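**Student:** Here's a structure for you.
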Amino acid sequence: MSNTARRVSYTNPQLLPLLWEPTVRWHWQREGDVVSPAGFQLNAVELIRLNALTNAALVDMEAPAGANGVALLHGTLPAVRPADLPKALQLCANIDAYHQEGAQRRWVAEQLPYGCRVAETEREMLHGVLITPRNELPRLHDGAPAADLGAAEQWLWNMLYATEYPPPLEAGEELRELNLRLPTAVRGVAGARGLSVVGTAADPNPAQPRNYQYYDASSFHLATLQSDALALARLQQIVLDAFGREVVRIGEREPRRRKVGQLERDLLIFRRSYWAADFGRQAVCTAITRNYQRGTGLTDALHSLATDLGELSRQVQAAETETTNAILGLLAAVGVPLATGLAIWQGLPQSGAASLLRTLSVTCLITVFLMGTFPGLRSLFITLFRHRRRRR
């Protein structure tokens, strides 16, 4: 049994408001046989939503966010031949609306609580899967180039990518890059498609009763902290995607100082909360999150966002400086001739309305002459009204 207090004690208190507080997490243990059209037997459903502060930042964006949380569906794959398990996983993870007339997608949506729905952009679920043999782990492929890989490597590749096809020649190198440091008798890799864990031999501790054997602990870790690591990475992607769309929207018009400043503050809060979070002593879970970040380009996306917001902030400051200079230039172009003309008018022997009108007319002519003669004054006038038009 895993609860919030135990997860915090084994990891990092910083994760509590992000993953485990009741305000962000919902759990439903399913009873009876709940089986999807693809044969996935559901045991439990969990929802993890963005915390109130981050969700409020997404709500304030005019570009709508694609999602505001993730759903975890815990269960078992259908009972098929070992060689058919990769294909079974592919069918269970496929939630494309055009695959088998959207039957699997509709089933997933029906398991969510009222008011929740599957994001329109989702076509395939991330998966975390554990494969264990009763005795020896069988090989999936014997021909080249898969023959160069051991049985465990073949299973890791095929289950990570949910494919029945043989691994390519470069699969061995990629598996080394995605490798997780797991205990004895267990191998694992994590990447942009999810998490694949394989037992390399029969259970090392068969003397223990059912649900207390060695691989039972591996299954428990997969369903708890390792699934949370994938959920954290997916939440990071949801937020970064929302920021990216909002930055594009702002860049299409004249950026406003208040909006750009708010985005910079929101991004800073995200970097110090969701992005900086790790699983403490659970280095495997942190590695799962980092592998997903690299595989999906989240690190580059974050750096690009910070650079783009800095550029938008610089453009805002430059536009405000141009506007201020334009106003001051126009005041000088109008004010100096007007002040001079009024001073002359007051010194006239007969400073009546007619002479005032003539003075103002001369002042206007001088102002127009200055604007037409000096390109700098003319550009200030054009700059001022161009900024006003673009802000509308």
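Starting from 1 in every chain, residues are counted up; chains themselves are A, B, ... following the order of the structure tokens, and ligands are numbered from 1 as listed.
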Counting only C-alpha atoms, which residues of segment 213-264 of chain A fall within 10 Å of segment 125-142 of chain A, and what is the closest atom pair for each with its distance in Å at one decimal, ordered by chain and rising number, as a tab-separated table?
**Tutor:**
```
residue	atom	partner	partner_atom	distance
A:Tyr215	CA	A:Thr132	CA	7.4
A:Ser218	CA	A:Leu130	CA	7.9
A:Ser219	CA	A:Leu130	CA	6.7
A:Leu222	CA	A:Gly128	CA	7.1
A:Ala223	CA	A:Gly128	CA	8.4
A:Gln226	CA	A:Gly128	CA	8.2
A:Ser227	CA	A:Gly128	CA	6.9
A:Leu230	CA	A:Leu126	CA	8.1
A:Ala231	CA	A:Leu126	CA	9.3
A:Arg234	CA	A:Leu126	CA	8.9
```
**Student:** Excluding same-chain residues fewer than 5 positions from Asn158 of chain A, what lies within 8 Å of it counting only C-alpha atoms, as a ChimeraX atom specification?
**Tutor:** /A:86,163-167
**Student:** Restricting the output to C-alpha atoms, write the selected residues as a PDB file, in the first residue's frame.
**Tutor:**
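Output below, filename part38.pdb:
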```pdb
ATOM      1  CA  PRO A  86       4.119  -5.848 -28.359  1.00  0.00           C
ATOM      2  CA  THR A 163       5.994  -2.718 -32.252  1.00  0.00           C
ATOM      3  CA  GLU A 164       6.213  -6.283 -33.483  1.00  0.00           C
ATOM      4  CA  TYR A 165       8.954  -5.467 -36.012  1.00  0.00           C
ATOM      5  CA  PRO A 166      12.601  -6.394 -35.337  1.00  0.00           C
ATOM      6  CA  PRO A 167      14.839  -3.721 -33.780  1.00  0.00           C
TER       7      PRO A 167
END
```
**Student:** If we count only C-alpha atoms, what is near segment 238-245 of chain A at a cut-off of 10 Å, once residues fewer than 2 positions away on the same chain are taken out, given as an mmCIF file with all heavy atoms, in the first residue's frame?
**Tutor:**
```
data_model
loop_
_atom_site.group_PDB
_atom_site.id
_atom_site.type_symbol
_atom_site.label_atom_id
_atom_site.label_comp_id
_atom_site.auth_asym_id
_atom_site.auth_seq_id
_atom_site.Cartn_x
_atom_site.Cartn_y
_atom_site.Cartn_z
ATOM 1 N N LEU A 50 -2.870 19.913 -12.947
ATOM 2 C CA LEU A 50 -1.937 20.984 -12.593
ATOM 3 C C LEU A 50 -2.418 21.682 -11.329
ATOM 4 O O LEU A 50 -3.624 21.798 -11.096
ATOM 5 C CB LEU A 50 -1.831 21.981 -13.744
ATOM 6 C CG LEU A 50 -1.212 21.456 -15.042
ATOM 7 C CD1 LEU A 50 -1.409 22.467 -16.155
ATOM 8 C CD2 LEU A 50 0.263 21.152 -14.863
ATOM 9 N N THR A 54 -0.427 27.101 -11.373
ATOM 10 C CA THR A 54 -0.065 26.860 -12.770
ATOM 11 C C THR A 54 -1.302 26.808 -13.655
ATOM 12 O O THR A 54 -1.297 27.321 -14.780
ATOM 13 C CB THR A 54 0.721 25.545 -12.891
ATOM 14 O OG1 THR A 54 1.854 25.590 -12.016
ATOM 15 C CG2 THR A 54 1.195 25.322 -14.311
ATOM 16 N N ASN A 55 -2.377 26.203 -13.157
ATOM 17 C CA ASN A 55 -3.599 26.136 -13.947
ATOM 18 C C ASN A 55 -4.175 27.532 -14.187
ATOM 19 O O ASN A 55 -4.687 27.822 -15.276
ATOM 20 C CB ASN A 55 -4.629 25.260 -13.236
ATOM 21 C CG ASN A 55 -5.822 24.955 -14.109
ATOM 22 O OD1 ASN A 55 -5.703 24.399 -15.190
ATOM 23 N ND2 ASN A 55 -7.003 25.350 -13.659
ATOM 24 N N ALA A 57 -2.448 30.240 -14.496
ATOM 25 C CA ALA A 57 -1.623 30.865 -15.536
ATOM 26 C C ALA A 57 -2.075 30.423 -16.922
ATOM 27 O O ALA A 57 -2.140 31.229 -17.859
ATOM 28 C CB ALA A 57 -0.155 30.507 -15.315
ATOM 29 N N LEU A 58 -2.435 29.134 -17.075
ATOM 30 C CA LEU A 58 -2.903 28.646 -18.368
ATOM 31 C C LEU A 58 -4.275 29.204 -18.708
ATOM 32 O O LEU A 58 -4.562 29.497 -19.876
ATOM 33 C CB LEU A 58 -2.939 27.126 -18.373
ATOM 34 C CG LEU A 58 -1.679 26.402 -18.889
ATOM 35 C CD1 LEU A 58 -0.460 26.758 -18.040
ATOM 36 C CD2 LEU A 58 -1.891 24.897 -18.896
ATOM 37 N N VAL A 59 -5.138 29.362 -17.715
ATOM 38 C CA VAL A 59 -6.474 29.898 -17.962
ATOM 39 C C VAL A 59 -6.394 31.344 -18.438
ATOM 40 O O VAL A 59 -7.191 31.785 -19.282
ATOM 41 C CB VAL A 59 -7.339 29.780 -16.687
ATOM 42 C CG1 VAL A 59 -8.656 30.542 -16.846
ATOM 43 C CG2 VAL A 59 -7.615 28.325 -16.375
ATOM 44 N N MET A 61 -4.234 32.625 -20.332
ATOM 45 C CA MET A 61 -3.722 32.713 -21.691
ATOM 46 C C MET A 61 -4.883 32.738 -22.681
ATOM 47 O O MET A 61 -5.847 32.001 -22.535
ATOM 48 C CB MET A 61 -2.802 31.530 -21.996
ATOM 49 C CG MET A 61 -1.556 31.463 -21.140
ATOM 50 S SD MET A 61 -0.542 30.000 -21.550
ATOM 51 C CE MET A 61 0.776 30.168 -20.333
ATOM 52 N N GLU A 62 -4.779 33.598 -23.681
ATOM 53 C CA GLU A 62 -5.816 33.652 -24.710
ATOM 54 C C GLU A 62 -5.755 32.460 -25.654
ATOM 55 O O GLU A 62 -6.766 32.058 -26.217
ATOM 56 C CB GLU A 62 -5.709 34.962 -25.492
ATOM 57 C CG GLU A 62 -6.005 36.199 -24.650
ATOM 58 C CD GLU A 62 -6.019 37.457 -25.485
ATOM 59 O OE1 GLU A 62 -6.296 37.373 -26.694
ATOM 60 O OE2 GLU A 62 -5.749 38.531 -24.918
ATOM 61 N N ALA A 63 -4.548 31.896 -25.825
ATOM 62 C CA ALA A 63 -4.415 30.665 -26.615
ATOM 63 C C ALA A 63 -4.778 29.498 -25.708
ATOM 64 O O ALA A 63 -4.105 29.259 -24.705
ATOM 65 C CB ALA A 63 -2.987 30.511 -27.134
ATOM 66 N N PRO A 64 -5.852 28.752 -25.994
ATOM 67 C CA PRO A 64 -6.309 27.708 -25.075
ATOM 68 C C PRO A 64 -5.296 26.593 -24.924
ATOM 69 O O PRO A 64 -4.656 26.158 -25.894
ATOM 70 C CB PRO A 64 -7.603 27.200 -25.735
ATOM 71 C CG PRO A 64 -7.454 27.544 -27.180
ATOM 72 C CD PRO A 64 -6.663 28.824 -27.222
ATOM 73 N N ALA A 65 -5.127 26.109 -23.681
ATOM 74 C CA ALA A 65 -4.217 24.996 -23.413
ATOM 75 C C ALA A 65 -4.823 23.693 -23.910
ATOM 76 O O ALA A 65 -6.044 23.506 -23.883
ATOM 77 C CB ALA A 65 -3.930 24.903 -21.916
ATOM 78 N N GLY A 66 -3.974 22.778 -24.362
ATOM 79 C CA GLY A 66 -4.468 21.508 -24.876
ATOM 80 C C GLY A 66 -5.022 20.606 -23.795
ATOM 81 O O GLY A 66 -5.891 19.778 -24.051
ATOM 82 N N ALA A 67 -4.532 20.734 -22.550
ATOM 83 C CA ALA A 67 -4.978 19.903 -21.438
ATOM 84 C C ALA A 67 -4.551 20.581 -20.146
ATOM 85 O O ALA A 67 -3.766 21.538 -20.153
ATOM 86 C CB ALA A 67 -4.380 18.499 -21.539
ATOM 87 N N ASN A 68 -5.063 20.091 -19.018
ATOM 88 C CA ASN A 68 -4.648 20.615 -17.723
ATOM 89 C C ASN A 68 -4.366 19.506 -16.723
ATOM 90 O O ASN A 68 -4.340 19.734 -15.518
ATOM 91 C CB ASN A 68 -5.701 21.571 -17.154
ATOM 92 C CG ASN A 68 -7.011 20.872 -16.847
ATOM 93 O OD1 ASN A 68 -7.205 19.711 -17.196
ATOM 94 N ND2 ASN A 68 -7.910 21.576 -16.194
ATOM 95 N N GLY A 69 -4.173 18.287 -17.207
ATOM 96 C CA GLY A 69 -3.867 17.178 -16.318
ATOM 97 C C GLY A 69 -3.621 15.905 -17.105
ATOM 98 O O GLY A 69 -3.714 15.882 -18.345
ATOM 99 N N VAL A 70 -3.277 14.834 -16.376
ATOM 100 C CA VAL A 70 -3.033 13.534 -16.998
ATOM 101 C C VAL A 70 -3.851 12.472 -16.282
ATOM 102 O O VAL A 70 -4.173 12.608 -15.095
ATOM 103 C CB VAL A 70 -1.530 13.152 -16.961
ATOM 104 C CG1 VAL A 70 -0.704 14.133 -17.755
ATOM 105 C CG2 VAL A 70 -1.033 13.084 -15.521
ATOM 106 N N LEU A 232 4.718 13.385 -14.200
ATOM 107 C CA LEU A 232 5.363 14.690 -14.009
ATOM 108 C C LEU A 232 5.921 15.210 -15.330
ATOM 109 O O LEU A 232 5.749 16.394 -15.665
ATOM 110 C CB LEU A 232 6.478 14.573 -12.973
ATOM 111 C CG LEU A 232 7.310 15.838 -12.739
ATOM 112 C CD1 LEU A 232 6.452 16.962 -12.174
ATOM 113 C CD2 LEU A 232 8.493 15.554 -11.813
ATOM 114 N N ALA A 233 6.585 14.344 -16.088
ATOM 115 C CA ALA A 233 7.148 14.769 -17.371
ATOM 116 C C ALA A 233 6.044 15.205 -18.332
ATOM 117 O O ALA A 233 6.201 16.193 -19.063
ATOM 118 C CB ALA A 233 7.956 13.628 -17.983
ATOM 119 N N ARG A 234 4.926 14.491 -18.312
ATOM 120 C CA ARG A 234 3.819 14.861 -19.211
ATOM 121 C C ARG A 234 3.193 16.180 -18.794
ATOM 122 O O ARG A 234 2.795 16.980 -19.664
ATOM 123 C CB ARG A 234 2.766 13.743 -19.196
ATOM 124 C CG ARG A 234 1.737 13.874 -20.300
ATOM 125 C CD ARG A 234 2.363 13.686 -21.663
ATOM 126 N NE ARG A 234 1.373 13.852 -22.721
ATOM 127 C CZ ARG A 234 1.111 15.001 -23.338
ATOM 128 N NH1 ARG A 234 1.788 16.094 -23.008
ATOM 129 N NH2 ARG A 234 0.211 15.070 -24.289
ATOM 130 N N LEU A 235 3.094 16.451 -17.510
ATOM 131 C CA LEU A 235 2.585 17.742 -17.051
ATOM 132 C C LEU A 235 3.521 18.871 -17.485
ATOM 133 O O LEU A 235 3.065 19.955 -17.879
ATOM 134 C CB LEU A 235 2.440 17.738 -15.526
ATOM 135 C CG LEU A 235 1.326 16.861 -14.951
ATOM 136 C CD1 LEU A 235 1.432 16.792 -13.424
ATOM 137 C CD2 LEU A 235 -0.047 17.390 -15.355
ATOM 138 N N GLN A 236 4.816 18.627 -17.410
ATOM 139 C CA GLN A 236 5.770 19.625 -17.889
ATOM 140 C C GLN A 236 5.541 19.929 -19.364
ATOM 141 O O GLN A 236 5.555 21.100 -19.780
ATOM 142 C CB GLN A 236 7.200 19.116 -17.674
ATOM 143 C CG GLN A 236 7.610 18.979 -16.223
ATOM 144 C CD GLN A 236 8.956 18.279 -16.077
ATOM 145 O OE1 GLN A 236 9.491 17.717 -17.026
ATOM 146 N NE2 GLN A 236 9.507 18.310 -14.869
ATOM 147 N N VAL A 247 3.115 32.461 -26.613
ATOM 148 C CA VAL A 247 4.188 33.326 -27.103
ATOM 149 C C VAL A 247 4.008 33.597 -28.597
ATOM 150 O O VAL A 247 4.207 34.726 -29.063
ATOM 151 C CB VAL A 247 5.560 32.683 -26.818
ATOM 152 C CG1 VAL A 247 6.666 33.405 -27.580
ATOM 153 C CG2 VAL A 247 5.861 32.720 -25.329
ATOM 154 N N VAL A 248 3.609 32.575 -29.358
ATOM 155 C CA VAL A 248 3.348 32.778 -30.788
ATOM 156 C C VAL A 248 2.214 33.776 -30.983
ATOM 157 O O VAL A 248 2.284 34.671 -31.842
ATOM 158 C CB VAL A 248 3.015 31.432 -31.464
ATOM 159 C CG1 VAL A 248 2.504 31.662 -32.886
ATOM 160 C CG2 VAL A 248 4.242 30.536 -31.487
ATOM 161 N N ARG A 249 1.159 33.643 -30.193
ATOM 162 C CA ARG A 249 0.014 34.556 -30.319
ATOM 163 C C ARG A 249 0.423 35.989 -30.005
ATOM 164 O O ARG A 249 0.062 36.929 -30.721
ATOM 165 C CB ARG A 249 -1.111 34.125 -29.377
ATOM 166 C CG ARG A 249 -2.391 34.923 -29.532
ATOM 167 C CD ARG A 249 -3.311 34.713 -28.349
ATOM 168 N NE ARG A 249 -2.727 35.233 -27.132
ATOM 169 C CZ ARG A 249 -2.736 36.525 -26.795
ATOM 170 N NH1 ARG A 249 -3.285 37.415 -27.599
ATOM 171 N NH2 ARG A 249 -2.186 36.920 -25.668
ATOM 172 N N ILE A 250 1.190 36.176 -28.943
ATOM 173 C CA ILE A 250 1.620 37.524 -28.567
ATOM 174 C C ILE A 250 2.536 38.112 -29.633
ATOM 175 O O ILE A 250 2.464 39.302 -29.951
ATOM 176 C CB ILE A 250 2.326 37.488 -27.198
ATOM 177 C CG1 ILE A 250 1.319 37.164 -26.098
ATOM 178 C CG2 ILE A 250 3.009 38.819 -26.898
ATOM 179 C CD1 ILE A 250 1.937 37.032 -24.737
ATOM 180 N N GLY A 251 3.416 37.268 -30.207
ATOM 181 C CA GLY A 251 4.343 37.759 -31.212
ATOM 182 C C GLY A 251 3.684 38.207 -32.502
ATOM 183 O O GLY A 251 4.294 38.942 -33.287
ATOM 184 N N LEU A 263 3.919 36.611 -18.288
ATOM 185 C CA LEU A 263 4.410 35.343 -18.812
ATOM 186 C C LEU A 263 5.802 35.018 -18.269
ATOM 187 O O LEU A 263 6.098 33.858 -17.951
ATOM 188 C CB LEU A 263 4.446 35.380 -20.338
ATOM 189 C CG LEU A 263 3.124 35.123 -21.071
ATOM 190 C CD1 LEU A 263 3.322 35.262 -22.565
ATOM 191 C CD2 LEU A 263 2.564 33.759 -20.731
ATOM 192 N N ASP A 266 5.280 33.804 -14.725
ATOM 193 C CA ASP A 266 4.680 32.468 -14.715
ATOM 194 C C ASP A 266 5.694 31.403 -15.121
ATOM 195 O O ASP A 266 5.716 30.298 -14.550
ATOM 196 C CB ASP A 266 3.477 32.421 -15.659
ATOM 197 C CG ASP A 266 2.301 33.241 -15.146
ATOM 198 O OD1 ASP A 266 2.259 33.525 -13.933
ATOM 199 O OD2 ASP A 266 1.438 33.615 -15.968
ATOM 200 N N LEU A 267 6.519 31.721 -16.112
ATOM 201 C CA LEU A 267 7.533 30.758 -16.546
ATOM 202 C C LEU A 267 8.568 30.540 -15.449
ATOM 203 O O LEU A 267 9.039 29.411 -15.239
ATOM 204 C CB LEU A 267 8.212 31.236 -17.832
ATOM 205 C CG LEU A 267 9.227 30.269 -18.445
ATOM 206 C CD1 LEU A 267 8.556 28.953 -18.840
ATOM 207 C CD2 LEU A 267 9.914 30.892 -19.661
ATOM 208 N N PHE A 270 7.072 28.196 -12.950
ATOM 209 C CA PHE A 270 7.087 26.842 -13.492
ATOM 210 C C PHE A 270 8.481 26.230 -13.392
ATOM 211 O O PHE A 270 8.637 25.046 -13.013
ATOM 212 C CB PHE A 270 6.625 26.866 -14.944
ATOM 213 C CG PHE A 270 6.927 25.605 -15.704
ATOM 214 C CD1 PHE A 270 6.160 24.465 -15.514
ATOM 215 C CD2 PHE A 270 7.981 25.564 -16.615
ATOM 216 C CE1 PHE A 270 6.451 23.294 -16.211
ATOM 217 C CE2 PHE A 270 8.265 24.401 -17.306
ATOM 218 C CZ PHE A 270 7.502 23.266 -17.107
ATOM 219 N N TYR A 274 7.579 22.783 -11.171
ATOM 220 C CA TYR A 274 7.483 21.544 -11.935
ATOM 221 C C TYR A 274 8.810 21.144 -12.572
ATOM 222 O O TYR A 274 9.191 19.972 -12.549
ATOM 223 C CB TYR A 274 6.412 21.685 -13.025
ATOM 224 C CG TYR A 274 5.004 21.529 -12.508
ATOM 225 C CD1 TYR A 274 4.266 22.641 -12.129
ATOM 226 C CD2 TYR A 274 4.411 20.276 -12.388
ATOM 227 C CE1 TYR A 274 2.970 22.516 -11.647
ATOM 228 C CE2 TYR A 274 3.119 20.137 -11.908
ATOM 229 C CZ TYR A 274 2.404 21.253 -11.534
ATOM 230 O OH TYR A 274 1.131 21.118 -11.056
ATOM 231 N N LEU A 298 11.959 18.753 -24.564
ATOM 232 C CA LEU A 298 11.421 19.727 -23.607
ATOM 233 C C LEU A 298 12.495 20.694 -23.116
ATOM 234 O O LEU A 298 12.205 21.871 -22.878
ATOM 235 C CB LEU A 298 10.786 19.001 -22.415
ATOM 236 C CG LEU A 298 9.545 18.156 -22.706
ATOM 237 C CD1 LEU A 298 8.949 17.637 -21.400
ATOM 238 C CD2 LEU A 298 8.510 18.960 -23.479
ATOM 239 N N THR A 299 13.713 20.201 -22.945
ATOM 240 C CA THR A 299 14.791 21.083 -22.476
ATOM 241 C C THR A 299 15.049 22.202 -23.477
ATOM 242 O O THR A 299 15.153 23.376 -23.108
ATOM 243 C CB THR A 299 16.069 20.266 -22.246
ATOM 244 O OG1 THR A 299 15.801 19.209 -21.311
ATOM 245 C CG2 THR A 299 17.170 21.158 -21.689
ATOM 246 N N ALA A 301 12.909 23.258 -25.666
ATOM 247 C CA ALA A 301 11.708 24.095 -25.705
ATOM 248 C C ALA A 301 11.715 25.117 -24.578
ATOM 249 O O ALA A 301 11.321 26.278 -24.779
ATOM 250 C CB ALA A 301 10.455 23.217 -25.620
ATOM 251 N N LEU A 302 12.161 24.707 -23.397
ATOM 252 C CA LEU A 302 12.226 25.647 -22.270
ATOM 253 C C LEU A 302 13.233 26.755 -22.542
ATOM 254 O O LEU A 302 12.948 27.939 -22.302
ATOM 255 C CB LEU A 302 12.585 24.894 -20.989
ATOM 256 C CG LEU A 302 12.723 25.751 -19.730
ATOM 257 C CD1 LEU A 302 11.404 26.440 -19.398
ATOM 258 C CD2 LEU A 302 13.180 24.901 -18.551
ATOM 259 N N SER A 304 14.242 27.816 -25.443
ATOM 260 C CA SER A 304 13.705 28.645 -26.511
ATOM 261 C C SER A 304 12.645 29.609 -25.979
ATOM 262 O O SER A 304 12.596 30.780 -26.383
ATOM 263 C CB SER A 304 13.114 27.756 -27.613
ATOM 264 O OG SER A 304 12.548 28.527 -28.643
ATOM 265 N N LEU A 305 11.788 29.130 -25.078
ATOM 266 C CA LEU A 305 10.770 30.001 -24.488
ATOM 267 C C LEU A 305 11.400 31.147 -23.724
ATOM 268 O O LEU A 305 10.978 32.307 -23.848
ATOM 269 C CB LEU A 305 9.874 29.188 -23.557
ATOM 270 C CG LEU A 305 8.648 28.518 -24.165
ATOM 271 C CD1 LEU A 305 7.953 27.674 -23.120
ATOM 272 C CD2 LEU A 305 7.696 29.570 -24.717
ATOM 273 N N ASP A 308 12.787 33.576 -26.228
ATOM 274 C CA ASP A 308 11.744 34.309 -26.944
ATOM 275 C C ASP A 308 11.088 35.360 -26.053
ATOM 276 O O ASP A 308 10.798 36.477 -26.504
ATOM 277 C CB ASP A 308 10.688 33.343 -27.460
ATOM 278 C CG ASP A 308 11.221 32.430 -28.557
ATOM 279 O OD1 ASP A 308 12.287 32.764 -29.114
ATOM 280 O OD2 ASP A 308 10.592 31.403 -28.847
ATOM 281 N N LEU A 309 10.831 35.007 -24.789
ATOM 282 C CA LEU A 309 10.230 35.986 -23.881
ATOM 283 C C LEU A 309 11.192 37.138 -23.607
ATOM 284 O O LEU A 309 10.767 38.298 -23.491
ATOM 285 C CB LEU A 309 9.839 35.303 -22.570
ATOM 286 C CG LEU A 309 8.550 34.485 -22.614
ATOM 287 C CD1 LEU A 309 8.337 33.751 -21.291
ATOM 288 C CD2 LEU A 309 7.353 35.383 -22.909
#
```
**Student:** Would you pick out the contacts of Arg123 of chain A at 12 Å or less, using only C-alpha atoms, so that residues sharing its chain but fewer than 6 positions from it are not included, and give the list as a PyMOL selection string?
**Tutor:** chain A and resi 90-99+102+104-105+108
**Student:** Which residues of segment 141-176 of chain A come within 12 Å of segment 188-208 of chain A, and for each one, what is the closest pair of atoms and their distance in Å to one decimal, counting only C-alpha atoms, sorted by chain and residue number, as a tab-separated table?
**Tutor:**
```
residue	atom	partner	partner_atom	distance
A:Gly150	CA	A:Thr200	CA	10.1
A:Ala151	CA	A:Thr200	CA	8.2
A:Ala152	CA	A:Thr200	CA	6.1
A:Glu153	CA	A:Val198	CA	8.8
A:Gln154	CA	A:Val198	CA	10.0
A:Trp155	CA	A:Val198	CA	7.0
A:Leu156	CA	A:Ser196	CA	5.8
A:Trp157	CA	A:Ser196	CA	8.0
A:Asn158	CA	A:Ser196	CA	8.9
A:Met159	CA	A:Ser196	CA	6.0
A:Leu160	CA	A:Ser196	CA	5.1
A:Tyr161	CA	A:Arg193	CA	6.4
A:Ala162	CA	A:Arg193	CA	8.7
A:Thr163	CA	A:Arg193	CA	11.5
A:Ala171	CA	A:Val189	CA	11.9
A:Gly172	CA	A:Val189	CA	11.6
A:Glu174	CA	A:Val189	CA	9.6
A:Leu175	CA	A:Val189	CA	6.7
A:Arg176	CA	A:Val189	CA	8.3
```
**Student:** Please dump the current selection as an mmCIF file, in the first residue's frame; keep N, CA and C atoms.
**Tutor:**
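Ended up saving to selection_38.cif:
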```cif
data_model
loop_
_atom_site.group_PDB
_atom_site.id
_atom_site.type_symbol
_atom_site.label_atom_id
_atom_site.label_comp_id
_atom_site.auth_asym_id
_atom_site.auth_seq_id
_atom_site.Cartn_x
_atom_site.Cartn_y
_atom_site.Cartn_z
ATOM 1 N N GLY A 150 20.457 -9.343 -27.093
ATOM 2 C CA GLY A 150 19.991 -10.404 -26.227
ATOM 3 C C GLY A 150 18.473 -10.388 -26.119
ATOM 4 N N ALA A 151 17.924 -11.402 -25.481
ATOM 5 C CA ALA A 151 16.475 -11.499 -25.342
ATOM 6 C C ALA A 151 15.917 -10.299 -24.586
ATOM 7 N N ALA A 152 16.607 -9.888 -23.520
ATOM 8 C CA ALA A 152 16.115 -8.750 -22.733
ATOM 9 C C ALA A 152 16.108 -7.476 -23.564
ATOM 10 N N GLU A 153 17.165 -7.246 -24.351
ATOM 11 C CA GLU A 153 17.226 -6.043 -25.177
ATOM 12 C C GLU A 153 16.118 -6.041 -26.231
ATOM 13 N N GLN A 154 15.836 -7.199 -26.813
ATOM 14 C CA GLN A 154 14.760 -7.277 -27.796
ATOM 15 C C GLN A 154 13.418 -6.917 -27.158
ATOM 16 N N TRP A 155 13.143 -7.447 -25.978
ATOM 17 C CA TRP A 155 11.892 -7.137 -25.295
ATOM 18 C C TRP A 155 11.826 -5.659 -24.912
ATOM 19 N N LEU A 156 12.925 -5.114 -24.434
ATOM 20 C CA LEU A 156 12.933 -3.698 -24.067
ATOM 21 C C LEU A 156 12.595 -2.824 -25.266
ATOM 22 N N TRP A 157 13.206 -3.119 -26.418
ATOM 23 C CA TRP A 157 12.975 -2.303 -27.609
ATOM 24 C C TRP A 157 11.534 -2.443 -28.102
ATOM 25 N N ASN A 158 11.087 -3.679 -28.256
ATOM 26 C CA ASN A 158 9.757 -3.904 -28.825
ATOM 27 C C ASN A 158 8.644 -3.388 -27.911
ATOM 28 N N MET A 159 8.809 -3.472 -26.618
ATOM 29 C CA MET A 159 7.766 -2.986 -25.713
ATOM 30 C C MET A 159 7.845 -1.463 -25.553
ATOM 31 N N LEU A 160 9.035 -0.894 -25.623
ATOM 32 C CA LEU A 160 9.139 0.566 -25.529
ATOM 33 C C LEU A 160 8.446 1.219 -26.722
ATOM 34 N N TYR A 161 8.671 0.675 -27.910
ATOM 35 C CA TYR A 161 8.091 1.257 -29.114
ATOM 36 C C TYR A 161 6.784 0.569 -29.525
ATOM 37 N N ALA A 162 6.334 -0.399 -28.720
ATOM 38 C CA ALA A 162 5.063 -1.078 -28.971
ATOM 39 C C ALA A 162 4.952 -1.515 -30.426
ATOM 40 N N THR A 163 5.946 -2.273 -30.861
ATOM 41 C CA THR A 163 5.994 -2.718 -32.252
ATOM 42 C C THR A 163 6.398 -4.180 -32.310
ATOM 43 N N ALA A 171 19.652 -0.082 -32.602
ATOM 44 C CA ALA A 171 18.840 -0.246 -31.391
ATOM 45 C C ALA A 171 19.702 -0.416 -30.143
ATOM 46 N N GLY A 172 20.797 -1.149 -30.263
ATOM 47 C CA GLY A 172 21.647 -1.380 -29.096
ATOM 48 C C GLY A 172 22.190 -0.092 -28.513
ATOM 49 N N GLU A 174 20.940 2.936 -28.864
ATOM 50 C CA GLU A 174 19.850 3.737 -28.293
ATOM 51 C C GLU A 174 19.408 3.192 -26.938
ATOM 52 N N LEU A 175 19.359 1.878 -26.813
ATOM 53 C CA LEU A 175 18.976 1.285 -25.536
ATOM 54 C C LEU A 175 19.970 1.660 -24.443
ATOM 55 N N ARG A 176 21.243 1.740 -24.778
ATOM 56 C CA ARG A 176 22.244 2.150 -23.780
ATOM 57 C C ARG A 176 22.013 3.597 -23.348
#
```
**Student:** In Å, how far is it from atom CA of Asp148 of chain A to atom CA of Leu85 of chain A?
**Tutor:** 21.3 Å
